[in-house]
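Taking it in order: structure first as structure tokens, then the write-up.
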Amino acid sequence: MNLASLSASYLRARPLNTALSLLLLALGVGTIVLLLLVVGQIEERMYRDARGIDLVVGAKGSPMQLILSGIYHADAPTGNIPLAEAQSLAKHRLIRRAIPLALGDGWKGYRVVGAGHEYPAHYGAKPAAGRLWEKPMEAVLGAEVAARTGAGVGARFAGSHGVTGQGEEHGAVPYEVVGVLGRTGSVLDRLVLTSIESVWQVHEQEHGPEDEEDKKAMREDREVTVLLLQYASPLAAAMLPRQINSKTELQAASPAYETARLFRIVGVGVEALRAFALILILAAGLSVFIALYNALQERRYDLAVMRTLGASPARLFGMLLAEGLLLALAGTALGLVLGHAFVSGLGAWLEAQQQYPVTGLEFRIEELWLALSAVGVGVVAAVVPAWRAYRTDVSRTLAEA
Amino acid sequence: MSGLKLAAVRHRYGTQTVLSVERFEVAVGEHWLVLGASGSGKTTLLHVIAGLLRPSEGEVEVAGQALAALSGAALDRWRGRTVGIALQAQHLIAHLSVRDNLRIAQYLAHASQDDARIAETLDALGVGDKAARKPFELSHGERQRVTIARAVVNRPRLLLADEPTANLDDDATARAVDLLTEQAKVHGATLVVATHDARVKAKFAHTLRLGPP
């Protein structure tokens with residue numbers, strides 16, 4: 001017998017009240033954990049994927065769509081842009097580096113991206129097996145693509161139009177896997193990389209003209225989908241986007257601005273959910289308060305008897321406070337477990353959908369503050385009942401019995 | 001050294017005096033009956049002796065310890081170690097087993113947790129087989145025995161009982177008083193029983209009568 005077991009015995013004696021307080025607190029904490037993990041991980045991945053890319057240039061359309069398709073490969077491209085125009089822009093004095101990408105095909109739901117070796121180098125990716133592509137129709141798989149498809153070096157596959165896997169298959173021009181990239185934790189893990197020439201070749205061989213003259217004309221009209229740019233000087237940020245958007249048929253979009261805009265849009269929902277979770281935690285505190293306060297009336301005589309047995313008022317105060325603390329600790333622990341379990345489930349589902357993955361196995365420092373706050377709410381809710389227990393007039397209570 | 005000494009003790013609620021005892025001295029191990037009608041201050045006297053109530057005036061000394069000299073926390077610790085109280089309403093903590101009702105007495109008195117002592121005490125009072133039961137599963141007589149067991153489990157030097165025979169028939173009254181006196185003898189404790197029940201007078205050699213204060 002000790003203070004904790006005595007407090008726990010009182011909690012067990014009121015299973016419904018205890019369960020309600022636990023549930024409210026666990027739901028509040030769990031919801032905030034869910035938001036912390038999901039929003040935090042997605043934000044980090046999005047910032048990581050966009051690191052070092054100051055501007056994305058592509059066909060005119062929605063700037064956010066351009067960013068989502070050009071950097072995160074999470075949307076359809078806005079269209080293609082002429083290769084010649086992209087090459088000309090890449091030579092601009094305000095641009096340090098330009099990475100052209102050709103999008104279009106997919107394989108088993110993963111985007112096939114035509115690029116130069118500078119694209120994996122930008123993310124610090126190196127082959128974990130095999131090598132990078134050297135000639136057309138050689139492909140390198142991102143780590144997650146290889147893991148989920150089971151394909152490795154030497155495998156051959158045919159891409160299909162679009163990324164849904166339901167588009168027309170280019171069976172006549174198969175790719176050969178020559179390498180698998182090591183895991184980078186970036187968007188590359190979910191891509192199939194090849195040369196830009198491969199993307200052109202697939203479409204020219206399948207849909208191109210038979211006539212040599214027409215073929216030559218088609219080669220001259222080759223296109224890429226986006227150009228990922230890195231500025232050479234801060235001046236570029238002020239000049240280039242306006243210049244491109246107003247004086248060319250191209251569209252320039254800033255990843256920093258568009259992702260911030262995306263988070264602002266999504267953020268309204270996230271903040272509403274966060275506010276709801278906070279209300280749940282406060283309601284849990286109120287529930288703890290009401291449960292302990294109401295129980296005091298029926299426990300008045302118990303408390304008086306404890307005083308006759310040698311309990312000091314401070315000990316009774318501690319016992320009631322311990323009940324609030326135990327409830328808060330159990331509710332918080334349950335909430336943390338629920339939040340992580342839900343994110344794990346969500347992560348598994350997103351992975352099956354080949355979407356941005358999240359993991360429930362990550363712990364964030366904010367969770368520590370959340371846990372301390374939730375425990376604090378439970379303890380504060382117990383202070384008034386504990387004070388009433390402290391002030392029990394033992395002689396009068398016994399005389400009234 | 002006396003087991004209990006009260007001198008010029010009075011207690012008032014506002015202007016109303018509810019207890020007035022000029023002198024009450026009890027030798028160690030003596031058994032006393034405090035007789036008085038309702039409102040004569042019997043319960044208040046027991047609360048003053050147990051240190052649950054500080055008297056408005058006068059001195060209280062238990063086993064050589066002046067209670068006025070003890071601070072609140074020290075008085076609580078002293079009570080847990082020194083005094084066993086069998087309450088009128090036989091109040092046991094409802095959701096705890098009989099054994100845990102005695103364990104809590106050891107815990108709150110800062111005594112070591114001693115299940116053997118608990119078993120021995122319950123056996124001595126004839127309720128050893130009820131240790132795992134909850135209070136609501138016991139008869140009135142069994143609850144009374146458990147209440148006395150809880151009062152004596154820490155081997156108190158002073159055993160107080162408040163109306164232990166209330167609502168009992170003659171046989172049950174005799175058994176209750178016998179249990180208390182027997183347990184006080186076993187532990188060498190000073191016993192003070194407060195009651196308005198004159199049927200028990202014959203069982204005590206010493207009686208203090210409280211009249212209207």
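Going through the structure tokens in order, the chains are called A, B, and so on, while each chain numbers its residues from 1 and the ligands are numbered from 1 in the order shown.
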For the interface of chain B with chain A (cut-off 8 Å, counting only C-alpha atoms), please tabulate each contacting residue of chain B alongside its nearest pair of atoms and their separation in Å to one decimal, rows sorted by chain and increasing number, as CSV.
```
residue,atom,partner,partner_atom,distance
B:Thr43,CA,A:Ala399,CA,7.2
B:Thr44,CA,A:Ser395,CA,7.7
B:His47,CA,A:Ser395,CA,6.6
B:Ala50,CA,A:Thr308,CA,7.9
B:Leu52,CA,A:Ser395,CA,6.3
B:Leu53,CA,A:Ser395,CA,6.5
B:Gly72,CA,A:Ser312,CA,7.6
B:Ala73,CA,A:Ser312,CA,5.8
B:Asp76,CA,A:Gly310,CA,4.8
B:Arg77,CA,A:Gly310,CA,5.5
B:Trp78,CA,A:Gly310,CA,7.4
B:Arg79,CA,A:Gly310,CA,5.4
B:Gly80,CA,A:Gly310,CA,3.8
B:Arg81,CA,A:Gly310,CA,7.5
B:Gly84,CA,A:Leu309,CA,7.4
B:Ile85,CA,A:Thr308,CA,6.9
B:Ala89,CA,A:Ala401,CA,6.7
B:His91,CA,A:Val305,CA,7.5
B:Leu92,CA,A:Asp302,CA,7.6
B:Ile93,CA,A:Asp302,CA,6.1
B:His95,CA,A:Ala13,CA,6.2
B:Leu96,CA,A:Ser9,CA,7.6
B:Asp100,CA,A:Met1,CA,7.7
B:Arg103,CA,A:Met1,CA,6.4
B:Ile104,CA,A:Met1,CA,6.5
B:Ala105,CA,A:Leu309,CA,5.7
B:Tyr107,CA,A:Met1,CA,6.4
B:Leu108,CA,A:Ala311,CA,5.3
B:Ala109,CA,A:Gly310,CA,5.1
B:Gln113,CA,A:Met1,CA,7.7
```
Quick one: pick out all helix (DSSP H, G or I) residues within range 6-128 of chain B from a backbone DSSP run and write them as a ChimeraX atom specification.
/B:42-49,67-69,72-82,98-108,115-124,128
I need the strand (DSSP E or B) residues of range 148-295 of chain A per DSSP on the backbone, written as a PyMOL selection string.
chain A and resi 156-157+160-161+169+175-181+191-194+223-224+226-231+250-253
Take the residues that were just selected and, keeping C-alpha atoms, output them as a short mmCIF file (atom, residue, chain, number, x, y, z; two decimals), in the first residue's frame.
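Saved the output as selection39.cif:
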```cif
data_model
loop_
_atom_site.label_atom_id
_atom_site.label_comp_id
_atom_site.auth_asym_id
_atom_site.auth_seq_id
_atom_site.Cartn_x
_atom_site.Cartn_y
_atom_site.Cartn_z
CA ARG A 156 13.42 -5.07 -67.95
CA PHE A 157 10.15 -3.19 -67.97
CA SER A 160 3.15 3.32 -69.65
CA HIS A 161 1.74 6.73 -70.34
CA GLU A 169 2.07 0.69 -72.40
CA TYR A 175 13.82 -0.11 -70.23
CA GLU A 176 16.62 -2.11 -68.69
CA VAL A 177 17.44 -1.53 -65.02
CA VAL A 178 21.17 -0.86 -64.66
CA GLY A 179 21.23 0.44 -61.11
CA VAL A 180 19.36 0.97 -57.85
CA LEU A 181 19.92 4.16 -55.85
CA LEU A 191 11.22 7.69 -58.93
CA VAL A 192 12.58 5.75 -61.86
CA LEU A 193 15.39 7.73 -63.46
CA THR A 194 16.58 7.51 -67.00
CA GLU A 223 10.74 19.27 -75.49
CA VAL A 224 11.39 18.91 -71.79
CA VAL A 226 10.44 21.40 -66.41
CA LEU A 227 13.66 23.15 -65.64
CA LEU A 228 14.82 23.22 -62.01
CA LEU A 229 16.88 26.35 -61.47
CA GLN A 230 19.32 27.54 -58.86
CA TYR A 231 20.07 31.26 -58.74
CA LEU A 250 7.09 29.81 -70.06
CA GLN A 251 5.93 29.90 -66.47
CA ALA A 252 8.24 30.36 -63.47
CA ALA A 253 7.14 29.34 -59.99
#
```
Name all residues at most 10 Å from Ala277 in chain A (count only C-alpha atoms; drop same-chain ones fewer than 3 positions away) and give them as a PyMOL selection string.
chain A and resi 24-33+35+271-274+280-283
Tell me which protein, DNA and RNA residues are within 12 Å of Ala63 in chain B, counting only C-alpha atoms, leaving out same-chain ones fewer than 4 positions away, and put them as number ranges by chain.
B: 1-6, 25-29, 49-50, 67, 78-79, 82-83, 156-158, 189-190
Go ahead and write the selection's residues with N, CA and C atoms as a PDB file, in the first residue's frame.
```pdb
ATOM      1  N   MET B   1       4.303   7.681  35.135  1.00  0.00           N
ATOM      2  CA  MET B   1       3.720   8.314  33.944  1.00  0.00           C
ATOM      3  C   MET B   1       2.269   7.837  33.765  1.00  0.00           C
ATOM      4  N   SER B   2       1.363   8.783  33.594  1.00  0.00           N
ATOM      5  CA  SER B   2      -0.040   8.399  33.397  1.00  0.00           C
ATOM      6  C   SER B   2      -0.273   8.058  31.924  1.00  0.00           C
ATOM      7  N   GLY B   3      -1.290   7.252  31.710  1.00  0.00           N
ATOM      8  CA  GLY B   3      -1.630   6.907  30.326  1.00  0.00           C
ATOM      9  C   GLY B   3      -2.316   8.076  29.643  1.00  0.00           C
ATOM     10  N   LEU B   4      -3.029   8.853  30.457  1.00  0.00           N
ATOM     11  CA  LEU B   4      -3.812   9.951  29.873  1.00  0.00           C
ATOM     12  C   LEU B   4      -4.100  10.969  30.965  1.00  0.00           C
ATOM     13  N   LYS B   5      -3.905  12.238  30.639  1.00  0.00           N
ATOM     14  CA  LYS B   5      -4.159  13.270  31.661  1.00  0.00           C
ATOM     15  C   LYS B   5      -4.768  14.495  30.984  1.00  0.00           C
ATOM     16  N   LEU B   6      -5.953  14.905  31.475  1.00  0.00           N
ATOM     17  CA  LEU B   6      -6.579  16.134  30.982  1.00  0.00           C
ATOM     18  C   LEU B   6      -6.744  17.083  32.157  1.00  0.00           C
ATOM     19  N   GLU B  25      -7.733  11.737  34.741  1.00  0.00           N
ATOM     20  CA  GLU B  25      -6.412  11.111  34.729  1.00  0.00           C
ATOM     21  C   GLU B  25      -6.584   9.597  34.707  1.00  0.00           C
ATOM     22  N   VAL B  26      -5.888   8.966  33.816  1.00  0.00           N
ATOM     23  CA  VAL B  26      -6.024   7.524  33.611  1.00  0.00           C
ATOM     24  C   VAL B  26      -4.633   6.897  33.654  1.00  0.00           C
ATOM     25  N   ALA B  27      -4.500   5.842  34.452  1.00  0.00           N
ATOM     26  CA  ALA B  27      -3.195   5.165  34.518  1.00  0.00           C
ATOM     27  C   ALA B  27      -3.008   4.278  33.286  1.00  0.00           C
ATOM     28  N   VAL B  28      -1.757   3.992  32.986  1.00  0.00           N
ATOM     29  CA  VAL B  28      -1.447   3.145  31.828  1.00  0.00           C
ATOM     30  C   VAL B  28      -2.134   1.796  31.968  1.00  0.00           C
ATOM     31  N   GLY B  29      -2.847   1.374  30.932  1.00  0.00           N
ATOM     32  CA  GLY B  29      -3.479   0.060  30.920  1.00  0.00           C
ATOM     33  C   GLY B  29      -4.854   0.023  31.552  1.00  0.00           C
ATOM     34  N   ILE B  49      -8.735  13.952  22.897  1.00  0.00           N
ATOM     35  CA  ILE B  49      -7.702  13.010  23.372  1.00  0.00           C
ATOM     36  C   ILE B  49      -6.860  12.493  22.194  1.00  0.00           C
ATOM     37  N   ALA B  50      -7.547  12.266  21.044  1.00  0.00           N
ATOM     38  CA  ALA B  50      -6.831  11.727  19.872  1.00  0.00           C
ATOM     39  C   ALA B  50      -6.052  12.795  19.119  1.00  0.00           C
ATOM     40  N   LEU B  67       0.075  17.151  24.034  1.00  0.00           N
ATOM     41  CA  LEU B  67      -0.337  17.272  22.629  1.00  0.00           C
ATOM     42  C   LEU B  67      -0.143  18.694  22.098  1.00  0.00           C
ATOM     43  N   TRP B  78       2.081  11.160  15.405  1.00  0.00           N
ATOM     44  CA  TRP B  78       1.933  10.628  16.770  1.00  0.00           C
ATOM     45  C   TRP B  78       0.629   9.829  16.874  1.00  0.00           C
ATOM     46  N   ARG B  79      -0.453  10.391  16.313  1.00  0.00           N
ATOM     47  CA  ARG B  79      -1.758   9.715  16.388  1.00  0.00           C
ATOM     48  C   ARG B  79      -1.690   8.354  15.696  1.00  0.00           C
ATOM     49  N   THR B  82       0.304   6.023  17.973  1.00  0.00           N
ATOM     50  CA  THR B  82      -0.034   5.860  19.382  1.00  0.00           C
ATOM     51  C   THR B  82      -1.493   5.525  19.651  1.00  0.00           C
ATOM     52  N   VAL B  83      -2.366   6.012  18.799  1.00  0.00           N
ATOM     53  CA  VAL B  83      -3.799   5.913  19.108  1.00  0.00           C
ATOM     54  C   VAL B  83      -4.508   5.003  18.108  1.00  0.00           C
ATOM     55  N   PRO B 156      -1.548   0.103  19.360  1.00  0.00           N
ATOM     56  CA  PRO B 156      -1.592   1.440  19.960  1.00  0.00           C
ATOM     57  C   PRO B 156      -1.445   1.380  21.482  1.00  0.00           C
ATOM     58  N   ARG B 157      -0.971   2.483  22.034  1.00  0.00           N
ATOM     59  CA  ARG B 157      -0.884   2.552  23.498  1.00  0.00           C
ATOM     60  C   ARG B 157      -2.184   3.085  24.087  1.00  0.00           C
ATOM     61  N   LEU B 158      -2.979   3.697  23.220  1.00  0.00           N
ATOM     62  CA  LEU B 158      -4.264   4.226  23.671  1.00  0.00           C
ATOM     63  C   LEU B 158      -5.326   3.791  22.679  1.00  0.00           C
ATOM     64  N   ALA B 189      -2.846  -1.691  26.265  1.00  0.00           N
ATOM     65  CA  ALA B 189      -3.254  -0.325  25.923  1.00  0.00           C
ATOM     66  C   ALA B 189      -4.227   0.234  26.953  1.00  0.00           C
ATOM     67  N   THR B 190      -4.187   1.524  27.093  1.00  0.00           N
ATOM     68  CA  THR B 190      -5.193   2.233  27.875  1.00  0.00           C
ATOM     69  C   THR B 190      -6.446   2.299  27.013  1.00  0.00           C
TER      70      THR B 190
END
```
Could you list, as a VMD selection string, every residue within 7 Å of range 255-259 of chain A, counting only C-alpha atoms and ignoring same-chain residues fewer than 6 positions away?
chain A and resid 50 54 to 55 64 67
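Rounded to one decimal, CA of Ala94 in chain B and CA of Ala291 in chain A lie 17.7 Å from each other.
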Phe289 in chain A surroundings by only C-alpha atoms, 10 Å radius, close-in-sequence under 6 positions cut, as a list of chain:residue names
A:Ser21, A:Ala283, A:Ala295, A:Gly324, A:Val377, A:Gly378, A:Val379, A:Val380, A:Ala381, A:Ala382, A:Val383, A:Val384, A:Pro385, A:Ala386
Can I get the selected residues back with N, CA and C atoms, as a PDB file, in the first residue's frame?
```pdb
ATOM      1  N   SER A  21     -12.507  10.280 -18.514  1.00  0.00           N
ATOM      2  CA  SER A  21     -11.388  11.230 -18.433  1.00  0.00           C
ATOM      3  C   SER A  21     -10.206  10.734 -19.278  1.00  0.00           C
ATOM      4  N   ALA A 283     -11.236  19.682 -22.039  1.00  0.00           N
ATOM      5  CA  ALA A 283     -12.434  18.968 -21.581  1.00  0.00           C
ATOM      6  C   ALA A 283     -12.033  17.809 -20.676  1.00  0.00           C
ATOM      7  N   ALA A 295     -16.553  13.174  -6.362  1.00  0.00           N
ATOM      8  CA  ALA A 295     -16.212  12.011  -5.527  1.00  0.00           C
ATOM      9  C   ALA A 295     -15.888  12.437  -4.102  1.00  0.00           C
ATOM     10  N   GLY A 324      -5.180  12.792  -9.873  1.00  0.00           N
ATOM     11  CA  GLY A 324      -5.157  13.611 -11.095  1.00  0.00           C
ATOM     12  C   GLY A 324      -3.941  13.290 -11.935  1.00  0.00           C
ATOM     13  N   VAL A 377      -2.279  19.712 -17.111  1.00  0.00           N
ATOM     14  CA  VAL A 377      -3.727  19.960 -17.093  1.00  0.00           C
ATOM     15  C   VAL A 377      -4.392  19.046 -16.048  1.00  0.00           C
ATOM     16  N   GLY A 378      -3.987  17.775 -16.040  1.00  0.00           N
ATOM     17  CA  GLY A 378      -4.553  16.814 -15.077  1.00  0.00           C
ATOM     18  C   GLY A 378      -4.259  17.209 -13.643  1.00  0.00           C
ATOM     19  N   VAL A 379      -3.033  17.644 -13.411  1.00  0.00           N
ATOM     20  CA  VAL A 379      -2.626  18.009 -12.049  1.00  0.00           C
ATOM     21  C   VAL A 379      -3.367  19.281 -11.604  1.00  0.00           C
ATOM     22  N   VAL A 380      -3.423  20.270 -12.506  1.00  0.00           N
ATOM     23  CA  VAL A 380      -4.112  21.529 -12.162  1.00  0.00           C
ATOM     24  C   VAL A 380      -5.589  21.245 -11.863  1.00  0.00           C
ATOM     25  N   ALA A 381      -6.178  20.328 -12.659  1.00  0.00           N
ATOM     26  CA  ALA A 381      -7.594  19.993 -12.451  1.00  0.00           C
ATOM     27  C   ALA A 381      -7.815  19.351 -11.085  1.00  0.00           C
ATOM     28  N   ALA A 382      -6.773  18.732 -10.539  1.00  0.00           N
ATOM     29  CA  ALA A 382      -6.920  18.036  -9.253  1.00  0.00           C
ATOM     30  C   ALA A 382      -6.632  18.954  -8.066  1.00  0.00           C
ATOM     31  N   VAL A 383      -6.125  20.160  -8.334  1.00  0.00           N
ATOM     32  CA  VAL A 383      -5.683  21.014  -7.223  1.00  0.00           C
ATOM     33  C   VAL A 383      -6.850  21.429  -6.318  1.00  0.00           C
ATOM     34  N   VAL A 384      -7.959  21.852  -6.926  1.00  0.00           N
ATOM     35  CA  VAL A 384      -9.074  22.333  -6.095  1.00  0.00           C
ATOM     36  C   VAL A 384      -9.661  21.188  -5.246  1.00  0.00           C
ATOM     37  N   PRO A 385      -9.976  20.015  -5.871  1.00  0.00           N
ATOM     38  CA  PRO A 385     -10.439  18.902  -5.026  1.00  0.00           C
ATOM     39  C   PRO A 385      -9.410  18.537  -3.950  1.00  0.00           C
ATOM     40  N   ALA A 386      -8.133  18.581  -4.310  1.00  0.00           N
ATOM     41  CA  ALA A 386      -7.084  18.230  -3.340  1.00  0.00           C
ATOM     42  C   ALA A 386      -7.083  19.238  -2.192  1.00  0.00           C
TER      43      ALA A 386
END
```
Got a sec: who's within 10 Å of Phe204 in chain B, counting only C-alpha atoms, leaving out chain neighbours fewer than 6 positions off, as an NGL selection string?
:B and (30-34 or 177 or 181 or 192-193)
Which residue gives the smallest distance to Arg54 in chain B among B:Arg23, B:His11, B:His140, B:Arg209, with only C-alpha atoms counted?
B:His11
Selected residue, from B:Pro135, B:Gly36, B:Gly58, B:Gly41, that lies nearest to Ser97 in chain B when counting only C-alpha atoms
B:Pro135
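Relative to CA of Leu316 in chain A, CA of Ala389 in chain A is found at 6.0 Å.
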Please report, as a tab-separated table, each residue of range 37-105 of chain B lying at most 10 Å from range 119-129 of chain B, together with the nearest pair of atoms and the separation in Å rounded to one decimal; use only C-alpha atoms, and order rows by chain and ascending residue number.
```
residue	atom	partner	partner_atom	distance
B:Val98	CA	B:Leu122	CA	9.0
B:Arg99	CA	B:Ala119	CA	8.0
B:Leu102	CA	B:Leu122	CA	9.2
```
Of B:Ala174, B:Ile118, B:Ala74, B:Val62, the one nearest to Ala202 in chain B when counting only C-alpha atoms is B:Ala174
